[in-house]
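*Asks:* Please read through the structure below; I'll follow up with questions.
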Amino acid sequence: MAAGAAAIAALALLSIAYGSTVIGLSDVIAALGHAAGLDGDLVPGSVGNIPVAKIIVDLRLPRTIMAICVGAGLGVIGALLQTVTRNDLADPFLFGLSSGAAAGAVSVITIFGDQFGIWTLPVAAFTGGILAAGIVLLLVSRVRGQGPERLILAGLAVSFMFIALTNYLVFAGDQRAAHSVLFWTMGGLGLARWDNVGLAALGAGTILAYGLWNHRKLDAFLAGENAAESLGVPVVRMRRTAFLVAAFSTAILVSVAGVIGFVGLMIPHLSRPLAGPLHLRLIASCALFGAVLLLASDLLARTLLPPQELPIGIITSSVGAFFVVTMLIRNRS
């Protein structure tokens with residue numbers, strides 16, 4: 001936990017310092033201290049460079065905070081979904097949550113346009129994610145039994161449906177928006193501003209609070225559904241509630257950062273050997289290391305091909321593919 005917190009602090013400073021223009025760490029610390037209201041005598045004269053200070057405080061700082069919130073939220077979402085479905089590959093992609101949010105955002109980019117100003121894209125993405133969650137739960141309620149495998153199958157079906165819808169919208173909509181659609185569906189933090197950082201914090205805070213508040217009930221799932229029921233945990237209701245909270249948080253996070261894959265899949269597996277299987281420490285660890293992963297990925301996305309910015313999903317997908325292959329080789333041996 002201490003190592004994770006130290007890594008977040010170090011990566012946050014590097015994330016603010018590095019980009020299309022490299023800013024010295026002394027200027028970064030000076031500008032942050034000045035923005036925090038520290039004594040002016042402690043602030044070097046370099047903070048008098050107003051454009052540099054504005055880049056640090058108004059552009060890069062909200063982006064760094066958003067990376068921390070989105071990474072932490074996706075890591076915790078993955079841990080909860082893997083627990084309640086008893087599936088080690090569970091993440092928001094598997095249940096159509098990310099696909100639904102992507103379809104909502106792409107419909108705005110290609111067809112409807114900015115009807116509500118800067119909030120049009122987040123509102124559309126959030127609506128799409130919640131709609132996907134509602135369809136999944138409706139499908140599950142129509143079949144006999146409420147087991148996790150039915151939730152997974154319904155999620156896969158909804159995911160493919162919304163992926164097909166997204167591809168259709170890209171093909172049939174305004175072709176000039178194809179680049180924006182491509183960048184957004186692969187994820188990115190370029191839309192980070194002070195007025196939407198609160199949304200990312202809400203998404204991460206909601207799933208984190210839910211997980212920590214119910215950590216003992218989540219621990220009961222580790223012993224199996226029958227054992228959890230005997231301990232007084234309403235398994236079906238708990239699974240449904242956890243899925244809805246995960247859907248709510250995923251829709252919010254995707255609405256501000258786009259579709260960022262593999263974070264929810266990888267982080268729980270990386271955290272369990274360090275934090276153990278019990279959820280009080282596991283959830284906190286997933287939040288920390290999810291933030292570390294996304295900060296590092298965003299830093300790479302901005303510095304690999306300057307002055308261009310890679311979609312962050314390319315970085316996380318590359319790392320995720322290597323991680324899954326490593327898992328397969330380890331399990332085989």
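Chain lettering (A, B, ...) mirrors the order of the structure tokens, residue numbering begins at 1 for each chain separately, and ligand numbering begins at 1 in order of display.
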What's around Thr83 of chain A at 12 Å? Count only C-alpha atoms, leave out sequence neighbours fewer than 4 positions away in its own chain, and write the answer as JSON, numbers by chain.

*Replies:* {"A": [76, 77, 78, 79, 87, 88, 89, 90, 91, 148, 211, 215, 217, 218, 219, 220, 221, 222, 223, 224, 225, 235, 238, 239, 242, 243, 265, 268, 269, 272, 277, 278, 279, 282, 283]}

*Asks:* Write out as a VMD selection string the residues lying within 12 Å of Val236 of chain A, counting only C-alpha atoms and excluding same-chain residues fewer than 2 positions away.

*Replies:* chain A and resid 84 to 85 137 140 to 141 145 to 148 150 to 151 221 225 to 226 228 to 229 232 to 234 238 to 243

*Asks:* Quick one: everything within 10 Å of Leu153 of chain A, counting only C-alpha atoms, minus sequence neighbours fewer than 5 positions away in the same chain. Send it as a ChimeraX atom specification.

*Replies:* /A:94-95,136,139-140,148,158-159

*Asks:* Please measure the separation of atom CA of Asn214 of chain A and atom CA of Thr250 of chain A, giving the value in Å to one decimal.

*Replies:*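 Value for the atom CA of Asn214 of chain A-atom CA of Thr250 of chain A distance: 18.6 Å.
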
*Asks:* Counting only C-alpha atoms, which residue out of A:Ile111, A:Ile315, A:Val197, A:Ile252 sits closest to Tyr168 of chain A?

*Replies:* A:Ile111

*Asks:* Can you pull out every residue from segment 42-266 of chain A that DSSP, working from the backbone, puts in alpha helix (DSSP H), and format the result as a PDB file with C-alpha atoms, in the first residue's frame?

*Replies:*
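Generated output (out09.pdb):
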ATOM      1  CA  ILE A  50       1.835  32.671 -16.147  1.00  0.00           C
ATOM      2  CA  PRO A  51       1.351  30.482 -19.268  1.00  0.00           C
ATOM      3  CA  VAL A  52       3.364  27.646 -17.706  1.00  0.00           C
ATOM      4  CA  ALA A  53       1.421  27.922 -14.448  1.00  0.00           C
ATOM      5  CA  LYS A  54      -1.866  27.795 -16.370  1.00  0.00           C
ATOM      6  CA  LEU A  61      -3.465  18.768 -12.981  1.00  0.00           C
ATOM      7  CA  PRO A  62      -7.137  17.922 -13.755  1.00  0.00           C
ATOM      8  CA  ARG A  63      -5.943  15.318 -16.259  1.00  0.00           C
ATOM      9  CA  THR A  64      -3.748  13.706 -13.604  1.00  0.00           C
ATOM     10  CA  ILE A  65      -6.572  13.698 -11.056  1.00  0.00           C
ATOM     11  CA  MET A  66      -8.910  12.168 -13.623  1.00  0.00           C
ATOM     12  CA  ALA A  67      -6.374   9.426 -14.413  1.00  0.00           C
ATOM     13  CA  ILE A  68      -6.195   8.562 -10.715  1.00  0.00           C
ATOM     14  CA  CYS A  69      -9.991   8.474 -10.355  1.00  0.00           C
ATOM     15  CA  VAL A  70     -10.672   6.486 -13.532  1.00  0.00           C
ATOM     16  CA  GLY A  71      -7.890   3.962 -12.847  1.00  0.00           C
ATOM     17  CA  ALA A  72      -8.973   3.460  -9.244  1.00  0.00           C
ATOM     18  CA  GLY A  73     -12.618   3.108 -10.204  1.00  0.00           C
ATOM     19  CA  LEU A  74     -12.024   0.585 -12.996  1.00  0.00           C
ATOM     20  CA  GLY A  75      -9.736  -1.489 -10.756  1.00  0.00           C
ATOM     21  CA  VAL A  76     -12.364  -1.738  -8.007  1.00  0.00           C
ATOM     22  CA  ILE A  77     -15.151  -2.443 -10.520  1.00  0.00           C
ATOM     23  CA  GLY A  78     -13.153  -5.390 -11.869  1.00  0.00           C
ATOM     24  CA  ALA A  79     -12.579  -6.795  -8.389  1.00  0.00           C
ATOM     25  CA  LEU A  80     -16.275  -6.629  -7.473  1.00  0.00           C
ATOM     26  CA  LEU A  81     -17.488  -8.128 -10.751  1.00  0.00           C
ATOM     27  CA  GLN A  82     -14.979 -10.977 -10.522  1.00  0.00           C
ATOM     28  CA  THR A  83     -16.145 -11.739  -6.979  1.00  0.00           C
ATOM     29  CA  VAL A  84     -19.920 -11.691  -7.493  1.00  0.00           C
ATOM     30  CA  THR A  85     -19.752 -13.640 -10.768  1.00  0.00           C
ATOM     31  CA  LEU A  97     -21.362  -1.733 -19.830  1.00  0.00           C
ATOM     32  CA  SER A  98     -18.487  -0.143 -21.748  1.00  0.00           C
ATOM     33  CA  SER A  99     -20.031  -1.064 -25.109  1.00  0.00           C
ATOM     34  CA  GLY A 100     -23.315   0.592 -24.214  1.00  0.00           C
ATOM     35  CA  ALA A 101     -21.588   3.774 -23.107  1.00  0.00           C
ATOM     36  CA  ALA A 102     -19.508   3.767 -26.295  1.00  0.00           C
ATOM     37  CA  ALA A 103     -22.634   3.430 -28.443  1.00  0.00           C
ATOM     38  CA  GLY A 104     -24.239   6.374 -26.673  1.00  0.00           C
ATOM     39  CA  ALA A 105     -21.217   8.599 -27.204  1.00  0.00           C
ATOM     40  CA  VAL A 106     -20.722   7.568 -30.823  1.00  0.00           C
ATOM     41  CA  SER A 107     -24.375   8.316 -31.606  1.00  0.00           C
ATOM     42  CA  THR A 120     -23.814  16.143 -24.433  1.00  0.00           C
ATOM     43  CA  LEU A 121     -21.122  13.462 -24.709  1.00  0.00           C
ATOM     44  CA  PRO A 122     -21.038  12.520 -20.998  1.00  0.00           C
ATOM     45  CA  VAL A 123     -24.843  12.398 -20.807  1.00  0.00           C
ATOM     46  CA  ALA A 124     -25.098  10.202 -23.905  1.00  0.00           C
ATOM     47  CA  ALA A 125     -22.373   7.836 -22.731  1.00  0.00           C
ATOM     48  CA  PHE A 126     -23.905   7.562 -19.272  1.00  0.00           C
ATOM     49  CA  THR A 127     -27.338   6.854 -20.775  1.00  0.00           C
ATOM     50  CA  GLY A 128     -25.893   4.154 -23.026  1.00  0.00           C
ATOM     51  CA  GLY A 129     -24.124   2.425 -20.148  1.00  0.00           C
ATOM     52  CA  ILE A 130     -27.211   2.422 -17.933  1.00  0.00           C
ATOM     53  CA  LEU A 131     -29.347   1.198 -20.843  1.00  0.00           C
ATOM     54  CA  ALA A 132     -26.953  -1.721 -21.399  1.00  0.00           C
ATOM     55  CA  ALA A 133     -27.111  -2.629 -17.708  1.00  0.00           C
ATOM     56  CA  GLY A 134     -30.911  -2.505 -17.781  1.00  0.00           C
ATOM     57  CA  ILE A 135     -31.076  -4.811 -20.812  1.00  0.00           C
ATOM     58  CA  VAL A 136     -28.695  -7.306 -19.173  1.00  0.00           C
ATOM     59  CA  LEU A 137     -30.784  -7.431 -15.984  1.00  0.00           C
ATOM     60  CA  LEU A 138     -33.996  -7.719 -18.014  1.00  0.00           C
ATOM     61  CA  LEU A 139     -32.604 -10.681 -19.932  1.00  0.00           C
ATOM     62  CA  VAL A 140     -31.454 -12.374 -16.730  1.00  0.00           C
ATOM     63  CA  SER A 141     -34.855 -11.868 -15.101  1.00  0.00           C
ATOM     64  CA  ARG A 142     -36.558 -13.601 -18.048  1.00  0.00           C
ATOM     65  CA  PRO A 148     -23.572 -15.799 -12.521  1.00  0.00           C
ATOM     66  CA  GLU A 149     -23.171 -17.722 -15.774  1.00  0.00           C
ATOM     67  CA  ARG A 150     -26.510 -16.337 -17.009  1.00  0.00           C
ATOM     68  CA  LEU A 151     -25.398 -12.819 -16.130  1.00  0.00           C
ATOM     69  CA  ILE A 152     -22.193 -13.356 -18.104  1.00  0.00           C
ATOM     70  CA  LEU A 153     -24.002 -14.756 -21.149  1.00  0.00           C
ATOM     71  CA  ALA A 154     -26.518 -11.905 -21.118  1.00  0.00           C
ATOM     72  CA  GLY A 155     -23.660  -9.418 -20.789  1.00  0.00           C
ATOM     73  CA  LEU A 156     -21.827 -10.919 -23.752  1.00  0.00           C
ATOM     74  CA  ALA A 157     -24.947 -10.778 -25.896  1.00  0.00           C
ATOM     75  CA  VAL A 158     -25.596  -7.151 -24.993  1.00  0.00           C
ATOM     76  CA  SER A 159     -21.936  -6.292 -25.533  1.00  0.00           C
ATOM     77  CA  PHE A 160     -21.916  -7.684 -29.063  1.00  0.00           C
ATOM     78  CA  MET A 161     -25.226  -5.977 -29.803  1.00  0.00           C
ATOM     79  CA  PHE A 162     -23.915  -2.558 -28.806  1.00  0.00           C
ATOM     80  CA  ILE A 163     -20.609  -3.134 -30.623  1.00  0.00           C
ATOM     81  CA  ALA A 164     -22.599  -3.852 -33.787  1.00  0.00           C
ATOM     82  CA  LEU A 165     -24.671  -0.710 -33.195  1.00  0.00           C
ATOM     83  CA  THR A 166     -21.509   1.362 -32.716  1.00  0.00           C
ATOM     84  CA  ASN A 167     -19.996   0.049 -35.943  1.00  0.00           C
ATOM     85  CA  TYR A 168     -23.219   0.815 -37.802  1.00  0.00           C
ATOM     86  CA  LEU A 169     -23.285   4.367 -36.445  1.00  0.00           C
ATOM     87  CA  VAL A 170     -19.682   4.908 -37.529  1.00  0.00           C
ATOM     88  CA  PHE A 171     -20.460   3.602 -41.018  1.00  0.00           C
ATOM     89  CA  ALA A 172     -23.777   5.410 -41.497  1.00  0.00           C
ATOM     90  CA  ALA A 178     -14.495   8.943 -37.739  1.00  0.00           C
ATOM     91  CA  HIS A 179     -11.215  10.120 -36.197  1.00  0.00           C
ATOM     92  CA  SER A 180     -12.976  11.454 -33.103  1.00  0.00           C
ATOM     93  CA  VAL A 181     -14.923   8.219 -32.775  1.00  0.00           C
ATOM     94  CA  LEU A 182     -11.777   6.125 -33.105  1.00  0.00           C
ATOM     95  CA  PHE A 183      -9.930   8.112 -30.481  1.00  0.00           C
ATOM     96  CA  TRP A 184     -12.872   8.126 -28.063  1.00  0.00           C
ATOM     97  CA  THR A 185     -13.656   4.411 -28.368  1.00  0.00           C
ATOM     98  CA  TRP A 194     -11.978  21.009 -13.695  1.00  0.00           C
ATOM     99  CA  ASP A 195     -15.709  20.974 -14.448  1.00  0.00           C
ATOM    100  CA  ASN A 196     -15.806  17.219 -15.178  1.00  0.00           C
ATOM    101  CA  VAL A 197     -13.166  15.903 -12.774  1.00  0.00           C
ATOM    102  CA  GLY A 198     -15.930  15.752 -10.188  1.00  0.00           C
ATOM    103  CA  LEU A 199     -17.788  13.234 -12.355  1.00  0.00           C
ATOM    104  CA  ALA A 200     -14.767  10.929 -12.392  1.00  0.00           C
ATOM    105  CA  ALA A 201     -14.438  11.299  -8.629  1.00  0.00           C
ATOM    106  CA  LEU A 202     -18.140  10.462  -8.236  1.00  0.00           C
ATOM    107  CA  GLY A 203     -17.789   7.291 -10.308  1.00  0.00           C
ATOM    108  CA  ALA A 204     -14.705   6.100  -8.448  1.00  0.00           C
ATOM    109  CA  GLY A 205     -16.026   7.136  -5.037  1.00  0.00           C
ATOM    110  CA  THR A 206     -19.342   5.335  -5.528  1.00  0.00           C
ATOM    111  CA  ILE A 207     -17.854   1.933  -6.331  1.00  0.00           C
ATOM    112  CA  LEU A 208     -15.119   2.322  -3.705  1.00  0.00           C
ATOM    113  CA  ALA A 209     -17.606   3.214  -0.974  1.00  0.00           C
ATOM    114  CA  TYR A 210     -19.919   0.352  -1.947  1.00  0.00           C
ATOM    115  CA  GLY A 211     -17.101  -2.172  -1.934  1.00  0.00           C
ATOM    116  CA  LEU A 212     -15.661  -1.084   1.399  1.00  0.00           C
ATOM    117  CA  TRP A 213     -19.097  -0.912   3.043  1.00  0.00           C
ATOM    118  CA  HIS A 215     -16.521  -6.037   2.168  1.00  0.00           C
ATOM    119  CA  ARG A 216     -17.646  -8.730   4.637  1.00  0.00           C
ATOM    120  CA  LYS A 217     -20.541  -9.790   2.409  1.00  0.00           C
ATOM    121  CA  LEU A 218     -18.165  -9.929  -0.552  1.00  0.00           C
ATOM    122  CA  ASP A 219     -15.802 -12.091   1.516  1.00  0.00           C
ATOM    123  CA  ALA A 220     -18.664 -14.583   1.977  1.00  0.00           C
ATOM    124  CA  PHE A 221     -18.809 -15.099  -1.807  1.00  0.00           C
ATOM    125  CA  GLU A 225     -22.990 -19.276  -2.967  1.00  0.00           C
ATOM    126  CA  ASN A 226     -24.434 -21.878  -0.578  1.00  0.00           C
ATOM    127  CA  ALA A 227     -22.019 -20.901   2.175  1.00  0.00           C
ATOM    128  CA  ALA A 228     -22.757 -17.215   1.596  1.00  0.00           C
ATOM    129  CA  GLU A 229     -26.509 -17.866   1.847  1.00  0.00           C
ATOM    130  CA  SER A 230     -25.989 -19.806   5.083  1.00  0.00           C
ATOM    131  CA  VAL A 235     -26.619 -13.773  -2.962  1.00  0.00           C
ATOM    132  CA  VAL A 236     -28.944 -12.985  -5.874  1.00  0.00           C
ATOM    133  CA  ARG A 237     -29.860  -9.531  -4.579  1.00  0.00           C
ATOM    134  CA  MET A 238     -26.248  -8.776  -3.715  1.00  0.00           C
ATOM    135  CA  ARG A 239     -25.087  -9.783  -7.198  1.00  0.00           C
ATOM    136  CA  ARG A 240     -27.749  -7.641  -8.831  1.00  0.00           C
ATOM    137  CA  THR A 241     -26.978  -4.638  -6.632  1.00  0.00           C
ATOM    138  CA  ALA A 242     -23.231  -4.942  -7.187  1.00  0.00           C
ATOM    139  CA  PHE A 243     -23.841  -5.121 -10.936  1.00  0.00           C
ATOM    140  CA  LEU A 244     -26.019  -1.996 -10.871  1.00  0.00           C
ATOM    141  CA  VAL A 245     -23.474  -0.025  -8.840  1.00  0.00           C
ATOM    142  CA  ALA A 246     -20.712  -1.211 -11.184  1.00  0.00           C
ATOM    143  CA  ALA A 247     -22.838  -0.169 -14.170  1.00  0.00           C
ATOM    144  CA  PHE A 248     -23.453   3.279 -12.671  1.00  0.00           C
ATOM    145  CA  SER A 249     -19.752   3.844 -11.972  1.00  0.00           C
ATOM    146  CA  THR A 250     -18.644   2.443 -15.334  1.00  0.00           C
ATOM    147  CA  ALA A 251     -21.079   4.664 -17.215  1.00  0.00           C
ATOM    148  CA  ILE A 252     -19.762   7.747 -15.412  1.00  0.00           C
ATOM    149  CA  LEU A 253     -16.103   6.835 -15.943  1.00  0.00           C
ATOM    150  CA  VAL A 254     -16.588   5.964 -19.613  1.00  0.00           C
ATOM    151  CA  SER A 255     -18.522   9.199 -20.153  1.00  0.00           C
ATOM    152  CA  VAL A 256     -15.460  11.284 -19.242  1.00  0.00           C
ATOM    153  CA  ALA A 257     -12.565   9.053 -20.355  1.00  0.00           C
ATOM    154  CA  VAL A 263      -7.738  -2.269 -16.336  1.00  0.00           C
ATOM    155  CA  GLY A 264     -10.628  -3.968 -14.539  1.00  0.00           C
ATOM    156  CA  LEU A 265      -9.372  -7.349 -15.699  1.00  0.00           C
ATOM    157  CA  MET A 266      -5.706  -7.014 -14.735  1.00  0.00           C
TER     158      MET A 266
END

*Asks:* For Ile55 of chain A, find every residue with an atom within 12 Å (counting only C-alpha atoms), except residues of its own chain fewer than 5 positions away, and show them as a list of chain:residue names.

*Replies:*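 Here the answer would be A:Ile16, A:Ala17, A:Tyr18, A:Gly19, A:Ser20, A:Thr21, A:Val22, A:Ile23, A:Asp27, A:Val28, A:Ala31, A:Leu32, A:Val47, A:Asn49, A:Ile50, A:Arg60, A:Leu61, A:Pro62, A:Arg63, A:Arg193.
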
*Asks:* Pick out the residues sitting within 12 Å of Ile314 of chain A, and hand them over as number ranges by chain; count only C-alpha atoms, and ignore anything fewer than 3 positions along from it in its own chain.

*Replies:* A: 182-188, 259-263, 294, 297-298, 300-302, 304, 309-311, 317-321

*Asks:* Mind giving me the straight-line distance from atom CA of Gly37 of chain A to atom CA of Ala9 of chain A in Å, one decimal?

*Replies:*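 Between atom CA of Gly37 of chain A and atom CA of Ala9 of chain A the gap is 19.6 Å.
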
*Asks:* Determine the nearest neighbour of Gly258 of chain A from the options A:Gly276, A:Gly4, A:Gly190, A:Gly33, counting only C-alpha atoms.

*Replies:*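 Between A:Gly276, A:Gly4, A:Gly190, A:Gly33, the residue approaching Gly258 of chain A most closely is A:Gly190.
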
*Asks:* Atom CA of Ile8 of chain A and atom CA of Ala291 of chain A, how far apart in Å?

*Replies:*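 Computed distance, atom CA of Ala291 of chain A to atom CA of Ile8 of chain A, equals 6.9 Å.
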
*Asks:* With distances taken over only C-alpha atoms, which residue among A:Phe112, A:Trp119, A:Phe289, A:Phe93 lies nearest Leu270 of chain A?

*Replies:*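 Among the listed residues, the smallest separation from Leu270 of chain A belongs to A:Phe289.
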